[in-house]
Amino acid sequence: MVTPRTTRRRHRVVIPVVLAALVLTVTLFSREFDQPDQADRGFLSPVATGDDGGSRLAASLARIGVVVQRETETVQALRATRGTPATLFVPAPELLHPRTVDDLGLLPAGTRLVLVDPPRRVLDAAGLPIRPAARRWAARAVAPHHDGRACPLAEMSGVGTAAVTRARYAPTGAVEPVEFCFAAGLARLPGPSERVVVGASDPFRNSRLDEWDNHAFATGLLAGTGRVIWLDLDGPAPAPPEPPPGPASPPPDRTDSGYGEPENDPDVGTGNGAEETPGDRSGPDASGPGRSGPDDSTNPLWSAFPPWFWALLLQLLLAALLVGVWRARRLGPPTPEPLPVAVPAAETVRGRARLYQRAQAHESAAETLRAAARTRLARRLHLSAETGHEGVAATVAARTGTPREVVDHLLHGPPPTTDQDLLDLATGLDRAAWAGGVDPAGSRPSPPVPQPRSEGDPR
């Protein structure tokens, strides 16, 4: 039978769990809507006008005289970098095909490569001597300096705080110099072809362009060469075309200024070159067993699961801790302790009765009274422990002459609902015990009545 007390106990467990699940659901949905995925359609596209598009940034670049050239194929974007200096902007490196990633290290002199939040495999395949060192739940707005040093990028001199740091980077230990800005949220590798890695997409998105100094950061980073080649991939890039069968052609000269036509340069996009730049992979697979570096000792368990999994696990642990504190349960079974003082029985009974009255525990109080009465009646009438409540009621009815239904209702009826009903029940149980020949006090002998004493010497 469901009682109000049982319902309250259920609420104590259900309500915290529901609240924790609600907070967790709201957090996950907020993150899902706030942090877009690079595979989403229109992500940082120069023609997409949605919140996650890049049309506002492209329009801002065009207003200051920068030529924005949109390319939808990786090989065509690589070929477009020849000629005049240009900035190759890759907002979704995750979508690049593995066979074209290593060609990012073969850009002609005067080219700036900008990668937005690239995964580890892209950094390794492109020969960049940096690695992701940490990752935040959301992008953080920070100043351009790093470790107390000013940012070496001249374009960032007029930029204040920008939401750049979601991923932070660290060098892999290669000899190639690496410069960091924005608390390691931006990494720059100087050279004939400059390479820049940005740890967050927020400064380039339509919905975040006007926050902080994101607009100045994005335009300053992309407008330096006067020409931007915007690689707009609508999904995972297909594999580059295979070279036609025929006599082996001589390897391309990697010191020239760009990429030739497909029939004259079949190795474009295939990554079949013979040389490696400093910091490149030591073998065909940068992440394979032959790879070495200071990050080999890192725990692989952290990278085996996505960041949202660890955030979810942390929230579940916090929810469990809050439920435990709210329930105030001790860790272990209750420990009996001796009473510091002896309390009179009458005072204990009155105190317990007041607790029952304050808690409106009519059911518990009535069951306590009925259990005590059944025990005394069964002992007095010599009833065995296996005797059911019907046998007890029948025996008491035969002994007292009271109808059996009345006795059964008295000993096993429904619980009272008011204080007066509980008082009537206690009175009826006392009468039944007296009528059955049982002392309600438990057949204990009455204490002797004290006799008056005379003080002093009688005369």
# chains A, B, ... in the order shown; residues from 1 in each chain; ligands from 1
$ select_by_dssp --residues "stretch 133-240 of chain A" --states "strand (DSSP E or B)" --output "PyMOL selection string"
chain A and resi 133-142+146+149+162-171+179-181+186-189+194-198+227-231
$ residues_around --residues "A:Glu405" --least-positions-apart "3" --cutoff "12 Å" --atoms "only C-alpha atoms" --output "ChimeraX atom specification"
/A:389-390,392-394,396-398,401-402,408-413
$ residues_around --residues "stretch 148-160 of chain A" --least-positions-apart "6" --cutoff "7 Å" --atoms "only C-alpha atoms" --output "JSON, numbers by chain"
{"A": [181, 213, 216, 217, 220, 221]}
$ atom_distance --atom1 "atom CA of A:Ser207" --atom2 "atom CA of A:Asp52"
6.6 Å
$ residues_around --residues "A:Arg131" --least-positions-apart "3" --cutoff "8 Å" --atoms "only C-alpha atoms" --output "count of residues only"
6
$ residues_around --residues "A:Thr417" --least-positions-apart "5" --cutoff "8 Å" --atoms "only C-alpha atoms" --output "NGL selection string"
:A and (362-363 or 422)
$ write_last_selection --atoms "N, CA, C and O atoms" --output "PDB file, in the first residue's frame"
ATOM      1  N   HIS A 362       0.317   8.616  12.007  1.00  0.00           N
ATOM      2  CA  HIS A 362      -0.757   7.820  12.604  1.00  0.00           C
ATOM      3  C   HIS A 362      -0.598   6.340  12.295  1.00  0.00           C
ATOM      4  O   HIS A 362      -0.846   5.481  13.151  1.00  0.00           O
ATOM      5  N   GLU A 363      -0.161   6.033  11.092  1.00  0.00           N
ATOM      6  CA  GLU A 363      -0.033   4.627  10.702  1.00  0.00           C
ATOM      7  C   GLU A 363       1.049   3.921  11.518  1.00  0.00           C
ATOM      8  O   GLU A 363       0.833   2.822  12.045  1.00  0.00           O
ATOM      9  N   LEU A 422      -6.686   7.754  16.543  1.00  0.00           N
ATOM     10  CA  LEU A 422      -5.582   7.025  17.175  1.00  0.00           C
ATOM     11  C   LEU A 422      -5.832   6.847  18.670  1.00  0.00           C
ATOM     12  O   LEU A 422      -5.553   5.775  19.237  1.00  0.00           O
TER      13      LEU A 422
END
$ atom_distance --atom1 "atom CA of A:Trp137" --atom2 "atom CA of A:Trp326"
27.9 Å
$ closest_residue --among "A:Ala372, A:Gly351, A:Gln420, A:Gly226" --to "A:Ala62" --atoms "only C-alpha atoms"
A:Gly226
$ select_by_dssp --residues "stretch 33-205 of chain A" --states "alpha helix (DSSP H)" --output "mmCIF file with N, CA, C and O atoms, in the first residue's frame"
data_model
loop_
_atom_site.group_PDB
_atom_site.id
_atom_site.type_symbol
_atom_site.label_atom_id
_atom_site.label_comp_id
_atom_site.auth_asym_id
_atom_site.auth_seq_id
_atom_site.Cartn_x
_atom_site.Cartn_y
_atom_site.Cartn_z
ATOM 1 N N PHE A 33 24.542 23.501 -29.629
ATOM 2 C CA PHE A 33 24.160 24.644 -30.449
ATOM 3 C C PHE A 33 25.256 25.706 -30.483
ATOM 4 O O PHE A 33 25.385 26.442 -31.452
ATOM 5 N N ASP A 34 26.050 25.811 -29.430
ATOM 6 C CA ASP A 34 27.065 26.855 -29.367
ATOM 7 C C ASP A 34 28.321 26.476 -30.134
ATOM 8 O O ASP A 34 28.978 27.350 -30.693
ATOM 9 N N SER A 55 30.230 34.575 -44.275
ATOM 10 C CA SER A 55 29.933 35.593 -45.284
ATOM 11 C C SER A 55 30.265 37.001 -44.790
ATOM 12 O O SER A 55 30.721 37.843 -45.564
ATOM 13 N N ARG A 56 30.070 37.276 -43.517
ATOM 14 C CA ARG A 56 30.368 38.624 -43.005
ATOM 15 C C ARG A 56 31.863 38.898 -43.040
ATOM 16 O O ARG A 56 32.291 40.004 -43.358
ATOM 17 N N LEU A 57 32.672 37.887 -42.722
ATOM 18 C CA LEU A 57 34.125 38.067 -42.784
ATOM 19 C C LEU A 57 34.578 38.259 -44.222
ATOM 20 O O LEU A 57 35.431 39.122 -44.507
ATOM 21 N N ALA A 58 34.006 37.486 -45.158
ATOM 22 C CA ALA A 58 34.369 37.657 -46.564
ATOM 23 C C ALA A 58 33.995 39.046 -47.070
ATOM 24 O O ALA A 58 34.759 39.688 -47.816
ATOM 25 N N ALA A 59 32.831 39.543 -46.653
ATOM 26 C CA ALA A 59 32.428 40.889 -47.072
ATOM 27 C C ALA A 59 33.346 41.954 -46.470
ATOM 28 O O ALA A 59 33.684 42.951 -47.131
ATOM 29 N N SER A 60 33.766 41.768 -45.211
ATOM 30 C CA SER A 60 34.674 42.732 -44.590
ATOM 31 C C SER A 60 36.014 42.760 -45.306
ATOM 32 O O SER A 60 36.604 43.838 -45.505
ATOM 33 N N LEU A 61 36.509 41.593 -45.704
ATOM 34 C CA LEU A 61 37.772 41.552 -46.448
ATOM 35 C C LEU A 61 37.631 42.238 -47.801
ATOM 36 O O LEU A 61 38.535 42.959 -48.247
ATOM 37 N N ALA A 62 36.501 42.022 -48.461
ATOM 38 C CA ALA A 62 36.301 42.656 -49.769
ATOM 39 C C ALA A 62 36.219 44.177 -49.636
ATOM 40 O O ALA A 62 36.697 44.912 -50.517
ATOM 41 N N ARG A 63 35.645 44.674 -48.535
ATOM 42 C CA ARG A 63 35.516 46.132 -48.363
ATOM 43 C C ARG A 63 36.864 46.811 -48.186
ATOM 44 O O ARG A 63 37.017 47.985 -48.517
ATOM 45 N N THR A 74 40.428 20.833 -52.995
ATOM 46 C CA THR A 74 41.724 21.059 -52.351
ATOM 47 C C THR A 74 42.831 21.263 -53.370
ATOM 48 O O THR A 74 43.659 22.171 -53.238
ATOM 49 N N VAL A 75 42.873 20.441 -54.414
ATOM 50 C CA VAL A 75 43.937 20.549 -55.413
ATOM 51 C C VAL A 75 43.867 21.891 -56.126
ATOM 52 O O VAL A 75 44.904 22.547 -56.366
ATOM 53 N N GLN A 76 42.676 22.353 -56.472
ATOM 54 C CA GLN A 76 42.538 23.652 -57.128
ATOM 55 C C GLN A 76 42.974 24.786 -56.202
ATOM 56 O O GLN A 76 43.584 25.765 -56.646
ATOM 57 N N ALA A 77 42.690 24.660 -54.909
ATOM 58 C CA ALA A 77 43.123 25.690 -53.971
ATOM 59 C C ALA A 77 44.644 25.719 -53.860
ATOM 60 O O ALA A 77 45.260 26.792 -53.791
ATOM 61 N N LEU A 78 45.281 24.551 -53.873
ATOM 62 C CA LEU A 78 46.745 24.507 -53.817
ATOM 63 C C LEU A 78 47.358 25.125 -55.069
ATOM 64 O O LEU A 78 48.361 25.850 -55.001
ATOM 65 N N ARG A 79 46.779 24.865 -56.229
ATOM 66 C CA ARG A 79 47.295 25.438 -57.470
ATOM 67 C C ARG A 79 47.101 26.946 -57.518
ATOM 68 O O ARG A 79 47.882 27.678 -58.131
ATOM 69 N N PRO A 98 43.482 12.590 -46.460
ATOM 70 C CA PRO A 98 44.861 12.332 -45.981
ATOM 71 C C PRO A 98 45.919 12.429 -47.067
ATOM 72 O O PRO A 98 47.071 12.776 -46.790
ATOM 73 N N ARG A 99 45.568 12.166 -48.328
ATOM 74 C CA ARG A 99 46.554 12.185 -49.399
ATOM 75 C C ARG A 99 46.888 13.585 -49.886
ATOM 76 O O ARG A 99 47.822 13.761 -50.668
ATOM 77 N N THR A 100 46.123 14.581 -49.433
ATOM 78 C CA THR A 100 46.418 15.958 -49.830
ATOM 79 C C THR A 100 46.915 16.803 -48.668
ATOM 80 O O THR A 100 47.366 17.929 -48.884
ATOM 81 N N VAL A 101 46.849 16.279 -47.457
ATOM 82 C CA VAL A 101 47.247 17.081 -46.309
ATOM 83 C C VAL A 101 48.737 17.399 -46.359
ATOM 84 O O VAL A 101 49.165 18.527 -46.068
ATOM 85 N N ARG A 120 44.764 16.356 -34.682
ATOM 86 C CA ARG A 120 46.171 15.949 -34.541
ATOM 87 C C ARG A 120 46.694 15.299 -35.816
ATOM 88 O O ARG A 120 47.847 15.503 -36.213
ATOM 89 N N ARG A 121 45.863 14.518 -36.493
ATOM 90 C CA ARG A 121 46.348 13.833 -37.693
ATOM 91 C C ARG A 121 46.735 14.824 -38.786
ATOM 92 O O ARG A 121 47.676 14.578 -39.556
ATOM 93 N N VAL A 122 46.038 15.949 -38.877
ATOM 94 C CA VAL A 122 46.368 16.959 -39.885
ATOM 95 C C VAL A 122 47.676 17.644 -39.533
ATOM 96 O O VAL A 122 48.526 17.892 -40.405
ATOM 97 N N LEU A 123 47.873 17.950 -38.259
ATOM 98 C CA LEU A 123 49.131 18.574 -37.850
ATOM 99 C C LEU A 123 50.319 17.671 -38.152
ATOM 100 O O LEU A 123 51.356 18.123 -38.648
ATOM 101 N N ASP A 124 50.167 16.382 -37.878
ATOM 102 C CA ASP A 124 51.265 15.453 -38.137
ATOM 103 C C ASP A 124 51.504 15.267 -39.631
ATOM 104 O O ASP A 124 52.643 15.261 -40.093
ATOM 105 N N ALA A 125 50.419 15.096 -40.391
ATOM 106 C CA ALA A 125 50.574 14.840 -41.822
ATOM 107 C C ALA A 125 51.114 16.057 -42.565
ATOM 108 O O ALA A 125 51.821 15.915 -43.565
#
$ atom_distance --atom1 "atom CA of A:Thr72" --atom2 "atom CA of A:Leu231"
5.8 Å
$ closest_residue --among "A:Thr161, A:Thr427, A:Asn214, A:Thr84" --to "A:Ala141" --atoms "only C-alpha atoms"
A:Thr161
$ closest_residue --among "A:Ala162, A:Ser193, A:Leu322, A:Gln38" --to "A:Leu96" --atoms "only C-alpha atoms"
A:Gln38
$ residues_around --residues "A:Pro132" --least-positions-apart "3" --cutoff "12 Å" --atoms "only C-alpha atoms" --output "number ranges by chain"
A: 117-124, 128-129, 135-136, 165-172, 184-187, 197-199, 295, 298, 303
$ write_last_selection --atoms "N, CA and C atoms" --output "compact mmCIF listing (two decimals), in the first residue's frame"
# COMPACT_ATOMS: atom_id res chain seq x y z
N ASP A 117 41.57 25.19 -35.96
CA ASP A 117 41.31 24.06 -35.06
C ASP A 117 41.54 22.71 -35.76
N PRO A 118 42.73 22.46 -36.27
CA PRO A 118 42.97 21.20 -36.98
C PRO A 118 43.12 20.04 -36.01
N PRO A 119 42.71 18.84 -36.39
CA PRO A 119 42.94 17.66 -35.54
C PRO A 119 44.41 17.25 -35.55
N ARG A 120 44.76 16.36 -34.68
CA ARG A 120 46.17 15.95 -34.54
C ARG A 120 46.69 15.30 -35.82
N ARG A 121 45.86 14.52 -36.49
CA ARG A 121 46.35 13.83 -37.69
C ARG A 121 46.73 14.82 -38.79
N VAL A 122 46.04 15.95 -38.88
CA VAL A 122 46.37 16.96 -39.89
C VAL A 122 47.68 17.64 -39.53
N LEU A 123 47.87 17.95 -38.26
CA LEU A 123 49.13 18.57 -37.85
C LEU A 123 50.32 17.67 -38.15
N ASP A 124 50.17 16.38 -37.88
CA ASP A 124 51.27 15.45 -38.14
C ASP A 124 51.50 15.27 -39.63
N LEU A 128 53.78 19.81 -39.26
CA LEU A 128 53.86 20.93 -38.34
C LEU A 128 54.34 20.42 -36.98
N PRO A 129 55.42 20.96 -36.45
CA PRO A 129 55.98 20.45 -35.18
C PRO A 129 55.25 20.95 -33.95
N ARG A 135 42.43 21.31 -24.24
CA ARG A 135 41.22 21.73 -24.97
C ARG A 135 40.16 22.11 -23.96
N ARG A 136 39.52 23.25 -24.20
CA ARG A 136 38.48 23.77 -23.33
C ARG A 136 37.10 23.36 -23.84
N THR A 165 41.29 31.02 -27.91
CA THR A 165 41.83 29.87 -27.20
C THR A 165 40.71 28.92 -26.81
N ARG A 166 40.48 27.94 -27.66
CA ARG A 166 39.72 26.77 -27.26
C ARG A 166 40.65 25.57 -27.17
N ALA A 167 41.49 25.42 -28.19
CA ALA A 167 42.58 24.44 -28.14
C ALA A 167 43.88 25.18 -27.92
N ARG A 168 44.73 24.64 -27.07
CA ARG A 168 46.05 25.19 -26.84
C ARG A 168 47.10 24.25 -27.40
N TYR A 169 48.22 24.81 -27.86
CA TYR A 169 49.22 24.02 -28.57
C TYR A 169 50.56 24.10 -27.85
N ALA A 170 51.37 23.10 -28.13
CA ALA A 170 52.72 23.02 -27.57
C ALA A 170 53.63 22.42 -28.61
N PRO A 171 54.93 22.74 -28.58
CA PRO A 171 55.85 22.17 -29.57
C PRO A 171 56.10 20.69 -29.30
N THR A 172 56.41 19.98 -30.37
CA THR A 172 56.71 18.55 -30.25
C THR A 172 58.17 18.28 -29.95
N ALA A 184 48.89 30.56 -26.14
CA ALA A 184 49.12 29.32 -26.89
C ALA A 184 47.89 28.87 -27.67
N GLY A 185 46.90 29.76 -27.84
CA GLY A 185 45.76 29.43 -28.70
C GLY A 185 46.05 29.70 -30.16
N LEU A 186 47.15 30.33 -30.47
CA LEU A 186 47.60 30.57 -31.84
C LEU A 186 49.08 30.19 -31.92
N ALA A 187 49.41 29.38 -32.91
CA ALA A 187 50.80 28.97 -33.14
C ALA A 187 51.22 29.39 -34.53
N VAL A 197 48.27 28.35 -37.03
CA VAL A 197 47.22 27.45 -36.53
C VAL A 197 46.44 28.22 -35.47
N VAL A 198 45.12 28.29 -35.64
CA VAL A 198 44.23 29.00 -34.71
C VAL A 198 43.40 27.95 -33.97
N GLY A 199 43.29 28.08 -32.65
CA GLY A 199 42.66 27.06 -31.83
C GLY A 199 41.16 27.15 -31.70
N ASP A 295 55.72 13.61 -26.44
CA ASP A 295 54.36 13.32 -26.04
C ASP A 295 54.06 11.85 -26.06
N THR A 298 52.30 10.43 -22.84
CA THR A 298 50.97 10.85 -22.44
C THR A 298 50.04 9.66 -22.36
N SER A 303 42.90 10.58 -24.98
CA SER A 303 42.57 10.81 -26.38
C SER A 303 41.66 9.73 -26.95
$ residues_around --residues "A:Phe43" --least-positions-apart "3" --cutoff "8 Å" --atoms "only C-alpha atoms" --output "count of residues only"
10
